[in-house]
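Structure file query-v1.cif (mmCIF, C-alpha atoms and all ligand atoms) follows.
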```
data_start
loop_
_atom_site.label_atom_id
_atom_site.label_comp_id
_atom_site.auth_asym_id
_atom_site.auth_seq_id
_atom_site.Cartn_x
_atom_site.Cartn_y
_atom_site.Cartn_z
CA MET P 1 15.22 53.03 -35.51
CA ASN P 2 14.49 49.70 -37.14
CA ALA P 3 14.64 46.99 -34.45
CA LYS P 4 15.20 44.24 -36.99
CA ALA P 5 18.29 45.86 -38.42
CA LEU P 6 19.77 46.26 -34.94
CA ASN P 7 19.30 42.69 -33.78
CA PRO P 8 22.31 40.41 -34.22
CA PHE P 9 20.07 37.61 -32.89
CA LYS P 10 22.03 34.78 -34.41
CA SER P 11 25.21 35.68 -32.56
CA ILE P 12 23.73 35.04 -29.09
CA PRO P 13 23.64 31.39 -28.03
CA SER P 14 20.79 30.46 -25.70
CA THR P 15 21.00 27.74 -23.07
CA PRO P 16 18.48 25.02 -22.15
CA GLU P 17 17.73 26.50 -18.74
CA SER P 18 16.75 29.72 -20.45
CA VAL P 19 13.60 28.24 -22.03
CA LEU P 20 10.40 30.13 -21.20
CA SER P 21 7.66 27.89 -19.87
CA THR P 22 4.13 28.80 -18.76
CA ASP P 23 4.06 25.60 -16.65
CA GLU P 24 7.15 26.70 -14.74
CA ILE P 25 5.84 30.26 -14.35
CA ASN P 26 2.47 28.97 -13.10
CA SER P 27 4.24 26.73 -10.57
CA PHE P 28 5.71 29.84 -8.92
CA LEU P 29 2.52 31.91 -8.92
CA SER P 30 0.65 32.68 -5.73
CA LYS P 31 -2.74 30.95 -5.39
CA ASP P 32 -4.18 34.27 -4.19
CA ILE P 33 -3.79 36.23 -7.40
CA ALA P 34 -6.68 36.77 -9.79
CA PHE P 35 -5.35 37.05 -13.30
CA ASN P 36 -6.60 35.45 -16.49
CA ARG P 37 -3.82 33.51 -18.23
CA ILE P 38 -0.38 33.81 -19.79
CA ILE P 39 -0.12 33.52 -23.57
CA LEU P 40 3.43 32.70 -24.62
CA TYR P 41 4.80 33.44 -28.10
CA SER P 42 8.16 32.46 -29.45
CA SER P 43 8.48 35.65 -31.49
CA LEU P 44 6.25 38.55 -32.38
CA GLU P 45 6.58 42.20 -33.29
CA SER P 46 5.59 43.72 -29.94
CA THR P 47 3.67 42.28 -26.98
CA ASN P 48 2.04 45.71 -26.48
CA ASP P 49 0.81 45.69 -30.08
CA ILE P 50 -0.64 42.17 -29.71
CA ALA P 51 -2.26 43.30 -26.46
CA LYS P 52 -3.88 46.23 -28.29
CA ALA P 53 -5.21 43.92 -31.01
CA MET P 54 -6.59 41.54 -28.37
CA ILE P 55 -8.36 44.38 -26.58
CA GLN P 56 -10.04 45.33 -29.87
CA SER P 57 -11.07 41.75 -30.64
CA GLY P 58 -12.19 41.04 -27.05
CA THR P 59 -9.93 39.69 -24.30
CA SER P 60 -10.24 39.19 -20.56
CA GLN P 61 -9.02 41.35 -17.73
CA GLY P 62 -5.64 40.15 -16.47
CA THR P 63 -4.35 38.51 -19.65
CA ILE P 64 -0.56 38.44 -19.91
CA ILE P 65 1.22 38.32 -23.27
CA LEU P 66 4.77 37.00 -23.07
CA ALA P 67 7.31 36.59 -25.86
CA ASP P 68 10.77 35.08 -26.12
CA SER P 69 11.71 37.72 -28.66
CA GLN P 70 10.26 40.79 -30.36
CA THR P 71 11.12 42.18 -33.76
CA LYS P 72 9.58 45.60 -33.12
CA GLY P 73 9.86 46.00 -29.34
CA ARG P 74 9.00 49.60 -28.48
CA GLY P 75 9.89 51.98 -25.68
CA ARG P 76 8.82 55.52 -24.75
CA TYR P 77 9.14 58.16 -27.47
CA ASN P 78 8.80 55.32 -30.00
CA ARG P 79 12.37 54.17 -29.43
CA SER P 80 13.12 50.54 -30.22
CA PHE P 81 13.66 48.06 -27.38
CA PHE P 82 16.27 45.44 -28.22
CA SER P 83 14.50 42.09 -27.73
CA PRO P 84 16.63 39.08 -28.76
CA PRO P 85 15.52 35.48 -28.00
CA GLY P 86 16.71 33.36 -25.08
CA HIS P 87 17.87 36.20 -22.84
CA GLY P 88 15.11 38.66 -22.10
CA ILE P 89 11.65 39.10 -20.64
CA TYR P 90 9.13 40.87 -22.85
CA MET P 91 5.62 40.91 -21.47
CA SER P 92 2.46 42.96 -21.43
CA ILE P 93 -0.09 42.86 -18.65
CA VAL P 94 -3.56 43.72 -19.93
CA LEU P 95 -5.97 45.30 -17.45
CA ARG P 96 -9.45 46.68 -17.87
CA LEU P 97 -8.84 49.99 -16.11
CA ASP P 98 -12.24 50.45 -14.51
CA GLN P 99 -12.13 46.90 -13.09
CA SER P 100 -8.58 47.10 -11.87
CA TYR P 101 -6.88 48.37 -8.77
CA PHE P 102 -5.38 51.17 -10.86
CA ALA P 103 -8.78 52.77 -11.61
CA ASN P 104 -8.12 55.24 -8.77
CA HIS P 105 -4.33 55.29 -9.12
CA LEU P 106 -3.69 55.71 -12.84
CA SER P 107 -0.75 58.07 -12.33
CA LEU P 108 1.01 55.42 -10.24
CA VAL P 109 0.86 52.50 -12.72
CA THR P 110 4.40 52.91 -14.03
CA LEU P 111 5.83 53.70 -10.59
CA THR P 112 4.14 50.65 -9.08
CA THR P 113 5.47 48.45 -11.87
CA ALA P 114 8.99 49.85 -11.42
CA VAL P 115 8.95 49.14 -7.69
CA ASN P 116 7.59 45.63 -8.25
CA ILE P 117 10.28 44.87 -10.84
CA CYS P 118 13.01 46.15 -8.48
CA GLU P 119 11.70 44.16 -5.53
CA SER P 120 11.44 41.04 -7.68
CA ILE P 121 15.04 41.42 -8.83
CA GLU P 122 16.24 42.14 -5.29
CA ILE P 123 14.49 39.20 -3.67
CA SER P 124 15.45 36.67 -6.30
CA THR P 125 19.00 37.80 -7.13
CA LYS P 126 20.19 39.88 -4.13
CA LYS P 127 21.19 42.59 -6.62
CA ASP P 128 20.47 46.26 -6.03
CA PRO P 129 18.54 47.94 -8.87
CA GLN P 130 17.67 51.64 -8.94
CA ILE P 131 15.01 53.63 -10.76
CA LYS P 132 15.55 56.50 -13.16
CA TRP P 133 12.27 58.45 -13.21
CA VAL P 134 9.93 57.48 -14.51
CA ASN P 135 10.21 54.06 -16.09
CA ASP P 136 13.81 52.88 -16.29
CA ILE P 137 15.49 50.33 -14.03
CA PHE P 138 19.25 50.49 -13.71
CA LEU P 139 21.81 48.09 -12.30
CA ASP P 140 25.46 49.08 -11.88
CA GLY P 141 24.89 52.20 -13.98
CA LYS P 142 23.33 50.37 -16.94
CA LYS P 143 19.68 50.25 -17.99
CA VAL P 144 18.38 46.69 -17.55
CA SER P 145 14.64 47.26 -17.82
CA GLY P 146 12.04 49.65 -19.17
CA ILE P 147 8.29 49.99 -18.80
CA LEU P 148 5.88 51.20 -21.48
CA THR P 149 2.39 51.88 -20.11
CA GLU P 150 -0.29 52.56 -22.69
CA LYS P 151 -3.99 53.40 -22.29
CA VAL P 152 -6.41 52.31 -24.99
CA ASP P 153 -10.18 52.04 -25.37
CA ASP P 154 -11.95 48.94 -26.62
CA ARG P 155 -14.70 48.97 -29.25
CA GLU P 156 -17.30 49.83 -26.59
CA ASN P 157 -15.11 52.70 -25.34
CA ASN P 158 -14.16 50.92 -22.13
CA PRO P 159 -10.71 52.00 -20.91
CA TRP P 160 -7.87 49.47 -20.71
CA ILE P 161 -4.23 49.75 -19.74
CA ILE P 162 -1.35 47.76 -21.14
CA ILE P 163 1.71 47.53 -18.92
CA GLY P 164 4.63 46.57 -21.15
CA ILE P 165 7.69 45.29 -19.32
CA GLY P 166 11.05 44.68 -20.99
CA ILE P 167 13.95 43.19 -19.03
CA ASN P 168 17.44 42.35 -20.24
CA PHE P 169 17.92 39.19 -18.21
CA SER P 170 21.14 37.58 -19.43
CA THR P 171 21.99 39.34 -22.68
CA PRO P 172 25.79 39.43 -22.97
CA VAL P 173 27.23 42.94 -23.24
CA HIS P 174 28.77 42.25 -26.66
CA ALA P 175 25.36 41.29 -28.04
CA PHE P 176 23.83 44.74 -27.57
CA PRO P 177 23.80 46.89 -30.70
CA ILE P 178 26.78 49.22 -30.71
CA GLU P 179 24.46 52.24 -30.33
CA ILE P 180 23.35 51.18 -26.85
CA ARG P 181 26.33 49.12 -25.67
CA ASP P 182 27.54 51.83 -23.29
CA THR P 183 24.17 52.40 -21.67
CA ALA P 184 22.38 49.02 -21.74
CA GLY P 185 23.10 46.13 -19.42
CA SER P 186 21.44 42.98 -18.20
CA ILE P 187 20.77 41.49 -14.79
CA PHE P 188 23.20 38.64 -15.45
CA SER P 189 25.63 40.13 -17.92
CA ASN P 190 28.79 39.22 -16.00
CA ASP P 191 27.70 36.23 -13.92
CA PRO P 192 25.68 33.11 -14.79
CA PRO P 193 21.97 33.33 -13.91
CA THR P 194 21.10 31.97 -10.46
CA ILE P 195 17.39 31.90 -11.29
CA THR P 196 15.41 31.28 -14.46
CA ARG P 197 13.50 33.88 -16.41
CA ASN P 198 10.35 31.97 -15.45
CA GLN P 199 11.01 32.56 -11.74
CA LEU P 200 11.54 36.28 -12.20
CA ILE P 201 8.43 36.57 -14.37
CA ALA P 202 6.36 34.83 -11.66
CA GLU P 203 7.78 37.14 -8.96
CA ILE P 204 6.72 40.17 -10.98
CA ILE P 205 3.25 38.82 -11.80
CA ASN P 206 2.63 37.95 -8.15
CA ARG P 207 3.48 41.48 -7.11
CA MET P 208 1.43 43.08 -9.88
CA PHE P 209 -1.70 41.24 -8.75
CA LEU P 210 -1.34 41.09 -4.95
CA PRO P 211 -3.11 44.08 -3.31
CA CYS P 212 -0.41 44.31 -0.62
CA SER P 213 2.16 45.14 -3.34
CA LEU P 214 0.04 47.96 -4.74
CA GLU P 215 -0.52 50.20 -1.71
CA PRO P 216 0.19 53.81 -2.95
CA GLN P 217 1.97 55.15 0.15
CA ILE P 218 4.26 52.12 0.31
CA ILE P 219 4.89 52.23 -3.44
CA LEU P 220 5.87 55.91 -3.28
CA SER P 221 8.21 55.39 -0.40
CA GLU P 222 9.82 52.32 -2.02
CA TYR P 223 10.12 54.24 -5.31
CA LYS P 224 11.86 57.18 -3.62
CA LYS P 225 14.32 54.86 -1.86
CA ARG P 226 15.55 53.67 -5.25
CA LEU P 227 15.33 57.02 -7.09
CA MET P 228 18.50 57.83 -9.05
CA LEU P 229 20.00 61.31 -9.46
CA LYS P 230 18.18 62.81 -6.45
CA GLY P 231 19.74 66.17 -5.55
CA GLU P 232 21.72 66.21 -8.80
CA GLU P 233 21.72 68.68 -11.67
CA THR P 234 20.07 67.01 -14.64
CA LEU P 235 18.98 67.78 -18.15
CA ILE P 236 15.23 67.61 -18.66
CA THR P 237 13.93 66.84 -22.12
CA GLY P 238 10.54 66.18 -23.64
CA PHE P 239 9.02 69.69 -23.34
CA GLY P 240 10.24 71.81 -26.21
CA ASN P 241 13.64 73.18 -25.28
CA PRO P 242 15.69 71.02 -22.89
CA PHE P 243 16.43 72.72 -19.56
CA LYS P 244 18.54 72.09 -16.48
CA GLY P 245 17.07 71.27 -13.13
CA LYS P 246 17.89 69.67 -9.79
CA ILE P 247 15.82 66.64 -8.83
CA VAL P 248 14.08 67.34 -5.55
CA ASP P 249 11.49 64.60 -5.04
CA VAL P 250 8.59 62.57 -6.44
CA ASP P 251 5.19 63.87 -5.34
CA GLU P 252 2.01 61.99 -4.30
CA GLY P 253 0.84 61.78 -7.92
CA GLY P 254 4.14 60.30 -9.15
CA CYS P 255 5.30 63.59 -10.72
CA LEU P 256 8.98 64.50 -10.58
CA VAL P 257 9.63 67.67 -8.57
CA VAL P 258 12.48 69.63 -10.13
CA GLU P 259 14.14 72.88 -9.06
CA LYS P 260 14.99 75.11 -12.00
CA ALA P 261 18.06 77.34 -12.16
CA ASP P 262 16.00 80.33 -10.89
CA GLY P 263 14.94 78.38 -7.78
CA GLN P 264 11.37 77.76 -8.95
CA GLN P 265 10.08 74.22 -8.28
CA ILE P 266 7.95 72.52 -10.92
CA SER P 267 6.26 69.09 -11.12
CA LEU P 268 6.73 67.03 -14.25
CA SER P 269 4.19 64.39 -15.20
CA THR P 270 6.10 63.38 -18.31
CA GLY P 271 9.49 63.97 -19.88
CA GLU P 272 12.89 62.45 -19.41
CA ILE P 273 15.94 63.19 -17.28
CA SER P 274 19.58 62.60 -18.04
CA SER P 275 22.55 62.92 -15.76
CA SER P 276 24.60 66.11 -15.66
CA MET P 277 27.26 64.42 -17.79
CA CYS P 278 24.97 65.33 -20.68
CA LEU P 279 25.02 69.02 -19.72
CA SER P 280 27.14 71.28 -21.83
C1 LIG E 1 11.41 52.01 -22.49
O1 LIG E 1 12.56 51.65 -22.31
O2 LIG E 1 11.13 53.18 -22.82
C2 LIG E 1 10.30 51.02 -22.31
C3 LIG E 1 10.60 49.68 -22.92
C4 LIG E 1 9.44 48.73 -22.83
C5 LIG E 1 9.70 47.46 -23.58
C6 LIG E 1 8.60 46.47 -23.38
S1 LIG E 1 9.04 44.86 -23.95
C7 LIG E 1 7.40 44.34 -23.78
C8 LIG E 1 6.52 45.47 -24.27
N1 LIG E 1 6.37 45.40 -25.70
C9 LIG E 1 6.92 46.44 -26.31
O3 LIG E 1 6.96 46.63 -27.55
N2 LIG E 1 7.46 47.27 -25.41
C10 LIG E 1 7.28 46.79 -24.06
#
```

Step by step, read the file and then write its structure as structure tokens.
Amino acid sequence: MNAKALNPFKSIPSTPESVLSTDEINSFLSKDIAFNRIILYSSLESTNDIAKAMIQSGTSQGTIILADSQTKGRGRYNRSFFSPPGHGIYMSIVLRLDQSYFANHLSLVTLTTAVNICESIEISTKKDPQIKWVNDIFLDGKKVSGILTEKVDDRENNPWIIIGIGINFSTPVHAFPIEIRDTAGSIFSNDPPTITRNQLIAEIINRMFLPCSLEPQIILSEYKKRLMLKGEETLITGFGNPFKGKIVDVDEGGCLVVEKADGQQISLSTGEISSSMCLS
């Protein structure tokens, strides 16, 4: 779907307190984190795409690309991610895989990011987000955030990962394209923001770079606490024919353990689940 055609950008007023500022973000960052720098754009096609270009032209470990809006924001399965200005967080964290904490925990990158986003929202807003395996964050039944993790090699064949984070921060419900209005929400869609986007961004960056927020056993247990649809019949897509299965657990490697109709348990490393309301 063409992101540009979907975006009624002009109809959403932004407010002065919603201005993104690297100075304000930096003022909230922990002194103990080792990242490179934040590069802020007013608008670009996709922070993940800029990150890829930077990796090819030579960038440093720990660079963060942030944009106020995207015209071609992307999600998993090449879906578009609605990214209007003034109301969202669109950022990509660029890590040289072999020099990063995730070198030995590649399968947990998206799970770790999901937990860190949830904890950042909880601590700064007192709201109660949940996670739909593997990469979606929900609040009050609506998707408010998605994660797109991509692995690319640079020109010398060194492996890098790009962790793309999209958050609907204060987008009003009526501003979402009609196609996603029933399923998409934002953190502050009904109430005025009590924090700035800059504060939430800093919370997330701190967690993504502090070793204590990356411990696999803790991440898995925090992920499971927030896992949606556990024990429920779901529809699993992304592997040829869709099939039904009951969500049992998430295993050590971050795979979703599902029980099929015949009782057999399988572990999924990719794919997508939908609630039983989608079952025919
Ligand atoms: C999903 O919902 O499947 C993932 C959405 C990820 C969106 C973010 S916004 C920042 C980064 N740049 C992109 O083009 N996508 C990710």

Counting only C-alpha atoms and all ligand atoms, name the residues that have an atom within 7 Å of an atom of ligand LIG 1 (chain E); the answer should be given as a list in words.
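Going residue by residue within 7 Å of ligand LIG 1 (chain E), we get Ser46, Thr47, Asn48, Asp49, Lys72, Gly73, Arg74, Gly75, Arg76, Arg79, Phe81, Tyr90, Met91, Ser92, Asn135, Asp136, Ser145, Gly146, Ile147, Leu148, Gly164, Ile165 and Gly166 of chain P.
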
Could you give me, as a VMD selection string, the residues that have an atom at most 12 Å away from the point (17.8, 44.0, -5.8) in the coordinates of the file, using all atoms listed in the file?
chain P and resid 114 to 131 137 to 140 187 200 226

Could you state the separation of atom CA of P:Thr63 and atom CA of P:Arg37 in Å, given to one decimal place?
5.2 Å

Using all atoms listed in the file, find all polymer residues with an atom at most 7 Å away from the point (-4.9, 45.5, -8.3); report them as JSON, numbers by chain.
{"P": [100, 101, 102, 208, 209, 210, 211, 214]}

May I ask which of the residues P:Pro84, P:Pro242, P:Pro192, P:Pro216 is the closest one to P:Glu45, counting all atoms listed in the file?
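The answer is P:Pro84, which sits nearest to P:Glu45.
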
Closest of P:Ser269, P:Gln199, P:Ser274, P:Gln56 to P:Thr110 - atom-to-atom distances counting only C-alpha atoms
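Result for the nearest residue to P:Thr110: P:Ser269.
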
Using atom CA of P:Val144 and atom CA of P:Ile178 as the two end points, give the distance in Å to one decimal.
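One can read the atom CA of P:Val144 to atom CA of P:Ile178 distance as 15.8 Å.
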
Here atom CA of P:Leu40 and atom CA of P:Phe188 stand apart by 22.6 Å

Counting only C-alpha atoms, which residue out of P:Leu44, P:Leu256, P:Leu66, P:Ile55 sits closest to P:Ile236?
P:Leu256

9 Å contact set for stretch 172-174 of chain P, all atoms listed in the file, chain neighbours under 3 positions out, as a PDB file with C-alpha atoms, in the frame of the given file:
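Here's the written file out_39.pdb:
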```pdb
ATOM      1  CA  ILE P  12      23.730  35.040 -29.090  1.00  0.00           C
ATOM      2  CA  HIS P  87      17.870  36.200 -22.840  1.00  0.00           C
ATOM      3  CA  PRO P 177      23.800  46.890 -30.700  1.00  0.00           C
ATOM      4  CA  ILE P 178      26.780  49.220 -30.710  1.00  0.00           C
ATOM      5  CA  ARG P 181      26.330  49.120 -25.670  1.00  0.00           C
ATOM      6  CA  ASP P 182      27.540  51.830 -23.290  1.00  0.00           C
ATOM      7  CA  ALA P 184      22.380  49.020 -21.740  1.00  0.00           C
ATOM      8  CA  GLY P 185      23.100  46.130 -19.420  1.00  0.00           C
ATOM      9  CA  SER P 186      21.440  42.980 -18.200  1.00  0.00           C
ATOM     10  CA  PHE P 188      23.200  38.640 -15.450  1.00  0.00           C
ATOM     11  CA  SER P 189      25.630  40.130 -17.920  1.00  0.00           C
ATOM     12  CA  ASN P 190      28.790  39.220 -16.000  1.00  0.00           C
TER      13      ASN P 190
END
```

With distances taken over all atoms listed in the file, the candidate from P:Ala51, P:Asn168, P:Ile33, P:Thr270 nearest P:Pro85 is P:Asn168

Residue with smallest distance to P:Asp191 - pool P:Ile247, P:Asn206, P:Ala67, P:Thr171, counting all atoms listed in the file:
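Of all the options, P:Thr171 lies closest to P:Asp191.
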
As AutoDock Vina command-line options, what would the box around stretch 68-77 of chain P look like: edges along x, y and z, 8 Å added on every side, centre and edge lengths in Å to one decimal?
```
--center_x 10.3 --center_y 46.6 --center_z -29.3 --size_x 18.9 --size_y 39.1 --size_z 25.0
```

For P:Cys255, which residue out of P:Gln217, P:Ser107, P:Thr149, P:Asn157 is the nearest one, using only C-alpha atoms?
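Between P:Gln217, P:Ser107, P:Thr149, P:Asn157, the residue approaching P:Cys255 most closely is P:Ser107.
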
Could you pull the residues within 10 Å of P:Gly238, counting all atoms listed in the file, minus those fewer than 2 positions along the same chain, as a count of residues only?
10

Any idea what's packed within 8 Å of P:Thr183, counting all atoms listed in the file, ignoring anything in its chain fewer than 3 positions away? Could you give it as JSON, numbers by chain?
{"P": [141, 142, 143, 180]}

Repair of stretch 105-131 of chain P at the level of N, CA, C and O atoms, as a short mmCIF file (atom, residue, chain, number, x, y, z; two decimals), keeping the file's coordinate frame:
```
data_model
loop_
_atom_site.label_atom_id
_atom_site.label_comp_id
_atom_site.auth_asym_id
_atom_site.auth_seq_id
_atom_site.Cartn_x
_atom_site.Cartn_y
_atom_site.Cartn_z
N HIS P 105 -5.76 54.99 -9.30
CA HIS P 105 -4.33 55.29 -9.12
C HIS P 105 -3.60 55.27 -10.47
O HIS P 105 -2.49 54.76 -10.57
N LEU P 106 -4.26 55.81 -11.49
CA LEU P 106 -3.69 55.71 -12.84
C LEU P 106 -2.29 56.30 -12.93
O LEU P 106 -1.41 55.75 -13.58
N SER P 107 -2.06 57.41 -12.22
CA SER P 107 -0.75 58.07 -12.33
C SER P 107 0.36 57.24 -11.69
O SER P 107 1.54 57.54 -11.87
N LEU P 108 -0.02 56.21 -10.93
CA LEU P 108 1.01 55.42 -10.24
C LEU P 108 1.29 54.08 -10.92
O LEU P 108 2.05 53.27 -10.38
N VAL P 109 0.69 53.82 -12.08
CA VAL P 109 0.86 52.50 -12.72
C VAL P 109 2.34 52.21 -12.98
O VAL P 109 2.87 51.16 -12.61
N THR P 110 3.00 53.16 -13.65
CA THR P 110 4.40 52.91 -14.03
C THR P 110 5.29 52.85 -12.79
O THR P 110 6.19 52.00 -12.70
N LEU P 111 5.02 53.71 -11.82
CA LEU P 111 5.83 53.70 -10.59
C LEU P 111 5.66 52.38 -9.85
O LEU P 111 6.63 51.80 -9.35
N THR P 112 4.42 51.92 -9.78
CA THR P 112 4.14 50.65 -9.08
C THR P 112 4.86 49.50 -9.78
O THR P 112 5.48 48.64 -9.13
N THR P 113 4.81 49.52 -11.11
CA THR P 113 5.47 48.45 -11.87
C THR P 113 6.98 48.50 -11.64
O THR P 113 7.63 47.47 -11.44
N ALA P 114 7.54 49.71 -11.63
CA ALA P 114 8.99 49.85 -11.42
C ALA P 114 9.40 49.29 -10.06
O ALA P 114 10.39 48.56 -9.94
N VAL P 115 8.63 49.64 -9.03
CA VAL P 115 8.95 49.14 -7.69
C VAL P 115 8.83 47.61 -7.66
O VAL P 115 9.70 46.91 -7.11
N ASN P 116 7.78 47.08 -8.27
CA ASN P 116 7.59 45.63 -8.25
C ASN P 116 8.69 44.89 -9.02
O ASN P 116 9.12 43.81 -8.62
N ILE P 117 9.16 45.49 -10.11
CA ILE P 117 10.28 44.87 -10.84
C ILE P 117 11.53 44.90 -9.95
O ILE P 117 12.24 43.90 -9.80
N CYS P 118 11.81 46.04 -9.34
CA CYS P 118 13.01 46.15 -8.48
C CYS P 118 12.95 45.14 -7.35
O CYS P 118 13.93 44.43 -7.08
N GLU P 119 11.80 45.08 -6.67
CA GLU P 119 11.70 44.16 -5.53
C GLU P 119 11.85 42.71 -5.99
O GLU P 119 12.46 41.88 -5.31
N SER P 120 11.32 42.41 -7.16
CA SER P 120 11.44 41.04 -7.68
C SER P 120 12.89 40.70 -7.97
O SER P 120 13.36 39.60 -7.68
N ILE P 121 13.61 41.65 -8.55
CA ILE P 121 15.04 41.42 -8.83
C ILE P 121 15.80 41.27 -7.52
O ILE P 121 16.62 40.37 -7.34
N GLU P 122 15.50 42.17 -6.57
CA GLU P 122 16.24 42.14 -5.29
C GLU P 122 16.03 40.82 -4.57
O GLU P 122 16.99 40.18 -4.13
N ILE P 123 14.78 40.38 -4.46
CA ILE P 123 14.49 39.20 -3.67
C ILE P 123 15.02 37.93 -4.33
O ILE P 123 15.45 37.00 -3.67
N SER P 124 15.04 37.92 -5.66
CA SER P 124 15.45 36.67 -6.30
C SER P 124 16.91 36.66 -6.71
O SER P 124 17.44 35.60 -7.02
N THR P 125 17.59 37.81 -6.70
CA THR P 125 19.00 37.80 -7.13
C THR P 125 19.94 38.45 -6.12
O THR P 125 21.16 38.37 -6.29
N LYS P 126 19.38 39.13 -5.11
CA LYS P 126 20.19 39.88 -4.13
C LYS P 126 20.94 41.04 -4.77
O LYS P 126 21.88 41.58 -4.20
N LYS P 127 20.58 41.42 -5.98
CA LYS P 127 21.19 42.59 -6.62
C LYS P 127 20.42 43.84 -6.21
O LYS P 127 19.35 43.74 -5.61
N ASP P 128 20.94 45.01 -6.61
CA ASP P 128 20.47 46.26 -6.03
C ASP P 128 20.07 47.27 -7.11
O ASP P 128 20.78 48.24 -7.34
N PRO P 129 18.93 47.04 -7.78
CA PRO P 129 18.54 47.94 -8.87
C PRO P 129 18.09 49.31 -8.37
O PRO P 129 17.67 49.46 -7.23
N GLN P 130 18.15 50.29 -9.25
CA GLN P 130 17.67 51.64 -8.94
C GLN P 130 16.73 52.10 -10.05
O GLN P 130 16.69 51.49 -11.13
N ILE P 131 16.00 53.17 -9.79
CA ILE P 131 15.01 53.63 -10.76
C ILE P 131 15.38 55.02 -11.27
O ILE P 131 15.63 55.93 -10.48
#
```
